[in-house]
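Colleague: Below you'll find start.cif; it's mmCIF, C-alpha atoms.
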```cif
data_model
loop_
_atom_site.label_atom_id
_atom_site.label_comp_id
_atom_site.auth_asym_id
_atom_site.auth_seq_id
_atom_site.Cartn_x
_atom_site.Cartn_y
_atom_site.Cartn_z
CA MET A 1 -4.78 26.23 -10.04
CA PRO A 2 -5.81 22.65 -10.80
CA ASN A 3 -8.97 21.93 -12.76
CA LYS A 4 -10.90 18.82 -13.74
CA SER A 5 -8.38 17.84 -16.41
CA LEU A 6 -5.47 18.67 -14.06
CA PRO A 7 -6.73 17.50 -10.65
CA LEU A 8 -5.03 18.16 -7.34
CA ILE A 9 -3.49 14.90 -6.08
CA THR A 10 -3.07 14.45 -2.32
CA ILE A 11 -0.26 12.14 -1.21
CA ILE A 12 -0.43 10.85 2.36
CA THR A 13 2.60 9.33 4.07
CA SER A 14 2.56 7.93 7.60
CA THR A 15 5.88 7.74 9.44
CA LEU A 16 7.34 6.45 12.67
CA ASN A 17 11.09 6.66 13.22
CA ALA A 18 11.77 6.39 9.48
CA GLY A 19 13.63 9.64 8.84
CA GLU A 20 16.29 8.39 6.46
CA SER A 21 13.76 6.42 4.44
CA LEU A 22 11.62 9.53 4.13
CA ARG A 23 14.38 11.24 2.14
CA HIS A 24 13.83 8.81 -0.76
CA THR A 25 10.11 9.64 -0.82
CA ALA A 26 10.77 13.38 -0.62
CA ARG A 27 13.21 13.35 -3.53
CA SER A 28 10.75 11.51 -5.75
CA ILE A 29 7.96 13.98 -4.97
CA GLN A 30 10.23 16.99 -5.38
CA LYS A 31 11.23 15.84 -8.88
CA GLN A 32 7.66 15.47 -10.16
CA SER A 33 6.90 17.44 -13.31
CA TYR A 34 3.24 17.66 -12.26
CA PRO A 35 2.63 20.81 -10.18
CA HIS A 36 -0.72 20.08 -8.50
CA ILE A 37 0.37 18.01 -5.49
CA GLN A 38 -0.53 18.20 -1.82
CA TRP A 39 1.76 16.16 0.44
CA ILE A 40 0.61 15.32 3.96
CA ILE A 41 2.88 13.57 6.48
CA ALA A 42 1.27 11.94 9.50
CA ASP A 43 4.00 11.16 12.02
CA GLY A 44 3.38 8.91 15.01
CA LYS A 45 5.56 10.92 17.43
CA SER A 46 8.95 9.80 16.10
CA SER A 47 11.99 9.95 18.36
CA ASP A 48 14.62 9.81 15.59
CA ASN A 49 15.50 12.56 13.09
CA THR A 50 12.16 12.37 11.22
CA LEU A 51 10.84 15.74 12.43
CA LYS A 52 14.13 17.48 11.64
CA ILE A 53 14.01 16.09 8.10
CA ILE A 54 10.37 17.16 7.66
CA GLU A 55 11.26 20.69 8.72
CA GLU A 56 14.17 20.72 6.27
CA LEU A 57 11.77 19.84 3.43
CA GLY A 58 10.03 23.20 3.87
CA ASP A 59 7.18 23.94 1.47
CA LEU A 60 7.45 20.52 -0.19
CA VAL A 61 5.31 19.25 2.70
CA ASN A 62 1.96 21.05 2.74
CA VAL A 63 0.67 19.62 6.01
CA TRP A 64 2.40 17.61 8.72
CA PHE A 65 1.78 16.71 12.34
CA SER A 66 3.43 14.52 14.93
CA LYS A 67 1.29 12.88 17.59
CA PRO A 68 0.84 9.36 19.00
CA ASP A 69 -1.57 7.20 17.01
CA ARG A 70 -3.12 3.75 17.09
CA GLY A 71 -1.28 2.56 13.99
CA ILE A 72 -1.02 3.33 10.28
CA TYR A 73 -4.78 3.38 9.65
CA ASP A 74 -5.37 5.83 12.49
CA ALA A 75 -2.63 8.04 10.99
CA TRP A 76 -4.30 7.88 7.57
CA ASN A 77 -7.67 8.83 9.07
CA LYS A 78 -6.13 11.84 10.79
CA ALA A 79 -4.36 12.94 7.60
CA LEU A 80 -7.50 12.64 5.48
CA LYS A 81 -9.08 15.49 7.44
CA PHE A 82 -6.55 17.80 5.75
CA ALA A 83 -6.86 16.32 2.25
CA ARG A 84 -7.86 18.84 -0.41
CA GLY A 85 -7.15 16.81 -3.54
CA GLU A 86 -9.72 15.23 -5.79
CA TRP A 87 -7.63 12.05 -5.70
CA VAL A 88 -5.66 10.56 -2.80
CA GLN A 89 -2.65 8.24 -2.84
CA PHE A 90 -1.13 6.55 0.23
CA ILE A 91 2.60 5.81 0.03
CA GLY A 92 4.95 4.67 2.76
CA SER A 93 8.07 6.32 4.05
CA GLY A 94 10.79 4.98 1.74
CA ASP A 95 8.46 4.51 -1.23
CA GLU A 96 9.25 6.42 -4.42
CA LEU A 97 7.09 7.66 -7.25
CA ALA A 98 8.48 5.71 -10.17
CA ASP A 99 9.48 8.50 -12.60
CA ILE A 100 9.55 12.29 -12.71
CA ASP A 101 6.44 12.31 -14.91
CA THR A 102 4.48 9.62 -13.02
CA LEU A 103 1.83 11.97 -11.67
CA GLU A 104 1.70 13.92 -14.92
CA LYS A 105 0.83 10.74 -16.81
CA ILE A 106 -1.68 9.51 -14.26
CA ALA A 107 -3.35 12.93 -13.88
CA SER A 108 -4.42 12.94 -17.52
CA ILE A 109 -6.39 9.76 -16.77
CA LEU A 110 -7.68 10.80 -13.35
CA GLY A 111 -9.19 13.95 -14.82
CA ASN A 112 -11.78 11.90 -16.72
CA ALA A 113 -12.08 8.83 -14.47
CA HIS A 114 -14.75 9.90 -11.98
CA PRO A 115 -17.69 9.23 -11.67
CA HIS A 116 -17.22 6.06 -13.73
CA TYR A 117 -14.35 4.96 -11.47
CA ASP A 118 -13.56 5.68 -7.82
CA LEU A 119 -10.28 3.72 -7.85
CA VAL A 120 -7.52 3.97 -10.45
CA TYR A 121 -4.41 1.81 -10.14
CA GLY A 122 -1.25 1.07 -12.06
CA ARG A 123 1.89 -1.00 -11.57
CA LEU A 124 4.39 -1.32 -8.72
CA GLN A 125 8.01 -2.38 -8.36
CA TYR A 126 9.33 -4.18 -5.29
CA LEU A 127 12.82 -3.11 -4.17
CA SER A 128 15.17 -4.95 -1.82
CA GLU A 129 15.08 -3.63 1.72
CA HIS A 130 18.66 -2.44 2.20
CA ASN A 131 20.24 -1.68 -1.18
CA ARG A 132 16.97 -0.78 -2.97
CA LYS A 133 17.68 -3.02 -5.94
CA PHE A 134 14.89 -4.02 -8.32
CA LEU A 135 13.27 -7.34 -7.43
CA GLU A 136 9.96 -7.63 -9.24
CA GLU A 137 7.31 -5.57 -11.04
CA VAL A 138 3.64 -6.39 -10.47
CA GLY A 139 0.27 -5.15 -11.67
CA ALA A 140 -2.41 -6.59 -13.92
CA PRO A 141 -5.68 -5.49 -15.53
CA TRP A 142 -8.73 -5.89 -13.32
CA SER A 143 -10.26 -8.28 -15.84
CA LYS A 144 -7.40 -10.71 -15.07
CA ILE A 145 -7.44 -10.53 -11.27
CA LYS A 146 -11.15 -10.06 -10.61
CA ASN A 147 -12.54 -13.12 -8.80
CA GLU A 148 -9.00 -14.38 -8.08
CA TRP A 149 -7.96 -15.02 -4.46
CA GLU A 150 -4.76 -14.61 -2.41
CA PHE A 151 -3.89 -14.41 1.30
CA PHE A 152 -7.42 -15.46 2.39
CA ARG A 153 -8.99 -12.54 0.49
CA PRO A 154 -9.91 -11.46 -3.03
CA LYS A 155 -6.90 -10.39 -5.09
CA LEU A 156 -6.48 -6.62 -4.88
CA PRO A 157 -4.26 -3.86 -6.23
CA ILE A 158 -1.35 -3.03 -3.90
CA HIS A 159 -2.22 0.09 -1.95
CA PRO A 160 0.65 2.45 -2.98
CA GLU A 161 -0.24 2.02 -6.66
CA VAL A 162 -3.87 3.06 -6.07
CA PHE A 163 -5.46 6.51 -6.46
CA HIS A 164 -8.69 6.95 -4.49
CA HIS A 165 -11.36 9.48 -5.34
CA ILE A 166 -11.99 11.79 -2.40
CA SER A 167 -15.70 10.83 -2.36
CA LEU A 168 -14.72 7.46 -0.84
CA PHE A 169 -13.72 9.16 2.40
CA LYS A 170 -17.03 10.53 3.63
CA GLU A 171 -16.93 8.77 7.00
CA ASP A 172 -15.10 10.26 9.96
CA GLU A 173 -12.81 7.22 10.12
CA PRO A 174 -12.82 5.54 6.68
CA PHE A 175 -10.15 3.02 7.75
CA ASP A 176 -11.04 0.61 10.55
CA VAL A 177 -8.35 1.18 13.19
CA SER A 178 -9.07 -2.17 14.87
CA TYR A 179 -7.05 -3.70 12.02
CA LYS A 180 -3.27 -3.60 12.40
CA PHE A 181 -2.22 -5.16 9.08
CA ALA A 182 -5.26 -5.54 6.80
CA GLY A 183 -7.11 -2.23 7.17
CA ASP A 184 -6.20 -1.19 3.63
CA SER A 185 -7.41 -4.54 2.26
CA HIS A 186 -10.63 -4.20 4.24
CA PHE A 187 -11.20 -0.75 2.73
CA LEU A 188 -10.47 -1.81 -0.86
CA MET A 189 -12.69 -4.87 -0.47
CA GLN A 190 -15.54 -2.54 0.48
CA CYS A 191 -14.89 -0.34 -2.55
CA ILE A 192 -14.75 -3.08 -5.20
CA ARG A 193 -18.06 -4.60 -4.09
CA SER A 194 -19.94 -1.72 -5.69
CA LYS A 195 -17.66 -0.60 -8.53
CA ASP A 196 -14.73 -2.05 -10.46
CA PRO A 197 -11.42 -0.15 -10.38
CA LEU A 198 -9.65 1.14 -13.50
CA TYR A 199 -6.24 -0.28 -14.38
CA VAL A 200 -3.72 1.80 -16.34
CA PRO A 201 -0.40 0.31 -17.54
CA ILE A 202 1.71 2.98 -15.82
CA LEU A 203 4.47 2.22 -13.31
CA VAL A 204 3.34 4.23 -10.27
CA ASN A 205 5.39 3.29 -7.22
CA LYS A 206 8.67 1.69 -6.13
CA MET A 207 8.31 0.06 -2.72
CA PRO A 208 11.08 -1.48 -0.61
CA LEU A 209 10.11 -4.74 1.06
CA GLY A 210 10.31 -4.99 4.82
CA GLY A 211 12.23 -8.26 4.72
CA ALA A 212 11.22 -11.88 5.28
CA THR A 213 10.96 -11.35 9.03
CA GLY A 214 8.23 -8.76 8.68
CA SER A 215 6.12 -10.76 6.27
CA ILE A 216 6.71 -14.35 7.40
CA TYR A 217 6.49 -13.82 11.14
CA ARG A 218 3.27 -11.87 10.73
CA ALA A 219 1.70 -14.27 8.25
CA HIS A 220 -0.57 -15.84 10.87
CA LEU A 221 -1.75 -12.46 12.21
CA ILE A 222 -2.37 -11.16 8.68
CA SER A 223 -4.33 -14.29 7.82
CA LEU A 224 -6.54 -13.83 10.87
CA GLU A 225 -7.31 -10.24 9.89
CA THR A 226 -8.02 -10.97 6.23
CA ARG A 227 -10.35 -13.81 7.19
CA ARG A 228 -12.09 -11.46 9.60
CA ALA A 229 -12.48 -8.86 6.82
CA CYS A 230 -14.11 -11.47 4.59
CA ARG A 231 -16.56 -12.43 7.34
CA GLU A 232 -17.48 -8.81 8.07
CA LEU A 233 -17.98 -7.92 4.41
CA GLY A 234 -19.77 -11.10 3.39
CA TYR A 235 -17.07 -12.62 1.16
CA GLN A 236 -17.09 -16.41 0.94
CA ILE A 237 -13.55 -17.83 0.76
CA PRO A 238 -13.41 -20.73 -1.74
CA LEU A 239 -12.70 -23.98 0.10
CA SER A 240 -9.73 -24.94 -2.08
CA HIS A 241 -8.10 -21.57 -1.50
CA TYR A 242 -8.80 -21.71 2.22
CA LEU A 243 -7.16 -25.10 2.56
CA SER A 244 -4.07 -24.23 0.50
CA GLU A 245 -3.53 -20.89 2.28
CA SER A 246 -4.02 -22.54 5.67
CA ALA A 247 -1.33 -25.08 4.81
CA LYS A 248 1.09 -22.37 3.66
CA THR A 249 0.46 -20.27 6.77
CA PHE A 250 1.04 -23.30 9.00
CA MET A 251 4.34 -24.07 7.26
CA LYS A 252 5.46 -20.46 7.66
CA ARG A 253 4.82 -20.66 11.40
CA ILE A 254 6.77 -23.91 11.65
CA CYS A 255 9.71 -22.43 9.69
CA CYS A 256 9.72 -19.31 11.86
CA PHE A 257 9.97 -21.51 14.93
CA LEU A 258 12.70 -23.79 13.57
CA PHE A 259 14.99 -21.58 11.50
CA PRO A 260 16.91 -18.30 11.99
CA ASP A 261 16.32 -15.40 9.61
CA GLN A 262 19.03 -16.20 7.07
CA TYR A 263 17.50 -19.62 6.44
CA LEU A 264 14.00 -18.20 6.31
CA PHE A 265 15.14 -15.95 3.47
CA LYS A 266 16.49 -18.93 1.53
CA ILE A 267 13.41 -21.05 2.17
CA ALA A 268 11.07 -18.24 1.11
CA ASN A 269 13.05 -17.56 -2.07
CA GLY A 270 13.27 -21.29 -2.80
CA TYR A 271 9.51 -21.66 -2.55
CA ARG A 272 8.94 -18.68 -4.85
CA LYS A 273 11.34 -20.16 -7.41
CA LEU A 274 9.53 -23.50 -7.17
CA VAL A 275 6.19 -21.88 -8.08
CA GLY A 276 7.69 -19.79 -10.88
CA LYS A 277 8.03 -16.45 -9.09
CA GLN A 278 11.02 -14.13 -8.62
CA LYS A 279 12.88 -14.06 -5.33
CA ARG A 280 12.13 -11.20 -2.92
CA TRP A 281 14.75 -11.51 -0.16
#
```
In structure tokens, what does this structure look like?
Modeller:
Amino acid sequence: MPNKSLPLITIITSTLNAGESLRHTARSIQKQSYPHIQWIIADGKSSDNTLKIIEELGDLVNVWFSKPDRGIYDAWNKALKFARGEWVQFIGSGDELADIDTLEKIASILGNAHPHYDLVYGRLQYLSEHNRKFLEEVGAPWSKIKNEWEFFRPKLPIHPEVFHHISLFKEDEPFDVSYKFAGDSHFLMQCIRSKDPLYVPILVNKMPLGGATGSIYRAHLISLETRRACRELGYQIPLSHYLSESAKTFMKRICCFLFPDQYLFKIANGYRKLVGKQKRW
């Protein structure tokens, strides 16, 4: 049985018609050297082979259900009612835990983190959508990103690399389901107002990107939600950041209107190269 130095870690994965992607996640969890894991799958009533794959996984999945939901944050709220771990991680279908000893390494830190820290985060690798090739590794100490801004909000850890202490989920619906894209950001922004997170230099998660279409076409909607989160939580967006992000969002909308996907990929990668970043598509 787990104890304080070897805490139970609950992993929550929401799915919707992502059966084949789920196999990657399952293999990475199955290979973990750390034994104290609870895996919960919240399926949104998939019509593909997702349920068949879940059933094939047997005891690897501790809890699963399949019912219509109002989006990913509603699925997370439903899954949290079954969480028994001291720490909770949310990873997507298709995500992978980075190495076989990822949870073993992080558990030794989680065991002593609370009550000083409610959030512990590490590093994350982006993978290409189709061939799952390495694109970029991200993650930085909180001292370097605190008070920085991106996407109309404070700079935050990326959700799959974050471990949340179970005490953060006291409300019946911790994630605001009125958000479709920024509910995780809204939640983390609430958490960091009262207590800084702990960064550990451990590669936690490998996450495939959803492609330029998913991110660029939704840029305007995401910007509206992140600005709304700032208003609701009392964050004041710096004027210089607001103006620069507004210009970038406007240009994304123009490019989406003018160019087909293959050119959007090239434009997005060209911009990233121009500002000294690695390509993602």
Colleague: Can you turn the PyMOL selection byres ((chain A and resi 14-19) around 12) into a concrete residue list for this file, as a PyMOL selection string?
Modeller: chain A and resi 11-13+20-26+39-57+63-80+89-95
Colleague: Counting all atoms listed in the file, which residue out of A:Ile37, A:Val120, A:Met189, A:Ile145 sits closest to Cys230 of chain A?
Modeller: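 Closest candidate: A:Met189.
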Colleague: Check what the PyMOL selection byres ((chain A and resi 266-269) around 10) selects in the file above and give those residues as JSON, numbers by chain.
Modeller: {"A": [212, 216, 252, 255, 259, 261, 262, 263, 264, 265, 270, 271, 272, 273, 274, 277, 278, 279, 280, 281]}
Colleague: List, as a VMD selection string, every residue that the PyMOL selection byres ((chain A and resi 121-136) around 9) selects in the file provided.
Modeller: chain A and resid 98 106 119 to 120 137 to 141 157 to 164 197 to 211 278 to 281
Colleague: Ranking A:Glu96, A:Glu148, A:Asp59, A:Asp184 by minimum distance to Arg27 of chain A and counting all atoms listed in the file, which one comes first?
Modeller: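 When distances to Arg27 of chain A are compared using all atoms listed in the file, the smallest one comes from A:Glu96.
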Colleague: Quick check, in Å to one decimal: how far apart do atom CA of Asp99 of chain A and atom CA of Lys144 of chain A lie?
Modeller: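 Distance between the two atoms: 25.7 Å.
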Colleague: Ranking A:Tyr242, A:Glu225, A:Ile254, A:Asp196 by minimum distance to Ser178 of chain A and counting only C-alpha atoms, which one comes first?
Modeller: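 Closest to Ser178 of chain A of all the choices is A:Glu225.
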Colleague: Within 12 Å of Ser108 of chain A, counting all atoms listed in the file, which residues qualify if same-chain residues fewer than 4 places away don't, as a PDB file with C-alpha atoms, keeping the file's coordinate frame?
Modeller:
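The file below, part17.pdb, is the result:
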```
ATOM      1  CA  PRO A   2      -5.810  22.650 -10.800  1.00  0.00           C
ATOM      2  CA  ASN A   3      -8.970  21.930 -12.760  1.00  0.00           C
ATOM      3  CA  LYS A   4     -10.900  18.820 -13.740  1.00  0.00           C
ATOM      4  CA  SER A   5      -8.380  17.840 -16.410  1.00  0.00           C
ATOM      5  CA  LEU A   6      -5.470  18.670 -14.060  1.00  0.00           C
ATOM      6  CA  PRO A   7      -6.730  17.500 -10.650  1.00  0.00           C
ATOM      7  CA  LEU A   8      -5.030  18.160  -7.340  1.00  0.00           C
ATOM      8  CA  ILE A   9      -3.490  14.900  -6.080  1.00  0.00           C
ATOM      9  CA  TYR A  34       3.240  17.660 -12.260  1.00  0.00           C
ATOM     10  CA  ASP A 101       6.440  12.310 -14.910  1.00  0.00           C
ATOM     11  CA  THR A 102       4.480   9.620 -13.020  1.00  0.00           C
ATOM     12  CA  LEU A 103       1.830  11.970 -11.670  1.00  0.00           C
ATOM     13  CA  GLU A 104       1.700  13.920 -14.920  1.00  0.00           C
ATOM     14  CA  ASN A 112     -11.780  11.900 -16.720  1.00  0.00           C
ATOM     15  CA  ALA A 113     -12.080   8.830 -14.470  1.00  0.00           C
ATOM     16  CA  VAL A 120      -7.520   3.970 -10.450  1.00  0.00           C
ATOM     17  CA  VAL A 200      -3.720   1.800 -16.340  1.00  0.00           C
ATOM     18  CA  ILE A 202       1.710   2.980 -15.820  1.00  0.00           C
TER      19      ILE A 202
END
```
Colleague: Could you check which of A:Val88, A:His186, A:Tyr179, A:Glu173 is closest to Leu156 of chain A, using all atoms listed in the file?
Modeller: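 Smallest separation from Leu156 of chain A among the options: A:His186.
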Colleague: With distances taken over all atoms listed in the file, which residue among A:Tyr235, A:Trp87, A:Phe82, A:Phe250 lies nearest Tyr217 of chain A?
Modeller: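 Closest to Tyr217 of chain A, using all atoms listed in the file: A:Phe250.
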Colleague: Nearest to Gln190 of chain A: which of A:Glu232, A:Glu86, A:Glu150, A:Glu245 is it, counting all atoms listed in the file?
Modeller: A:Glu232
Colleague: Go ahead and compute the interatomic distance for atom CA of Ala219 of chain A and atom CA of Thr249 of chain A, in Å to one decimal.
Modeller: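 About the pair atom CA of Ala219 of chain A and atom CA of Thr249 of chain A: they are 6.3 Å apart.
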Colleague: How far is it from atom CA of His116 of chain A to atom CA of Lys195 of chain A, in Å with one decimal?
Modeller: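 Atom-to-atom, atom CA of His116 of chain A to atom CA of Lys195 of chain A, that is 8.5 Å.
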Colleague: Return segment 53-66 of chain A, completed with N, CA and C atoms, as a tab-separated table (two decimals), in the coordinates of the input.
Modeller:
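See part-v2.tsv below for the written result:
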```
chain	number	residue	atom	x	y	z
A	53	ILE	N	14.02	16.24	9.56
A	53	ILE	CA	14.01	16.09	8.10
A	53	ILE	C	12.76	16.74	7.51
A	54	ILE	N	11.61	16.54	8.15
A	54	ILE	CA	10.37	17.16	7.66
A	54	ILE	C	10.52	18.68	7.63
A	55	GLU	N	11.07	19.24	8.68
A	55	GLU	CA	11.26	20.69	8.72
A	55	GLU	C	12.21	21.17	7.63
A	56	GLU	N	13.23	20.37	7.33
A	56	GLU	CA	14.17	20.72	6.27
A	56	GLU	C	13.51	20.72	4.89
A	57	LEU	N	12.45	19.94	4.73
A	57	LEU	CA	11.77	19.84	3.43
A	57	LEU	C	10.97	21.10	3.11
A	58	GLY	N	10.69	21.91	4.10
A	58	GLY	CA	10.03	23.20	3.87
A	58	GLY	C	8.68	23.07	3.19
A	59	ASP	N	8.48	23.86	2.14
A	59	ASP	CA	7.18	23.94	1.47
A	59	ASP	C	6.83	22.69	0.67
A	60	LEU	N	7.78	21.76	0.52
A	60	LEU	CA	7.45	20.52	-0.19
A	60	LEU	C	6.35	19.77	0.55
A	61	VAL	N	6.35	19.87	1.87
A	61	VAL	CA	5.31	19.25	2.70
A	61	VAL	C	4.25	20.31	3.00
A	62	ASN	N	3.04	20.07	2.55
A	62	ASN	CA	1.96	21.05	2.74
A	62	ASN	C	1.37	21.01	4.13
A	63	VAL	N	1.22	19.80	4.67
A	63	VAL	CA	0.67	19.62	6.01
A	63	VAL	C	1.45	18.50	6.69
A	64	TRP	N	1.82	18.71	7.95
A	64	TRP	CA	2.40	17.61	8.72
A	64	TRP	C	2.06	17.79	10.19
A	65	PHE	N	2.00	16.68	10.90
A	65	PHE	CA	1.78	16.71	12.34
A	65	PHE	C	2.46	15.51	12.95
A	66	SER	N	2.76	15.60	14.22
A	66	SER	CA	3.43	14.52	14.93
A	66	SER	C	2.72	14.30	16.26
```
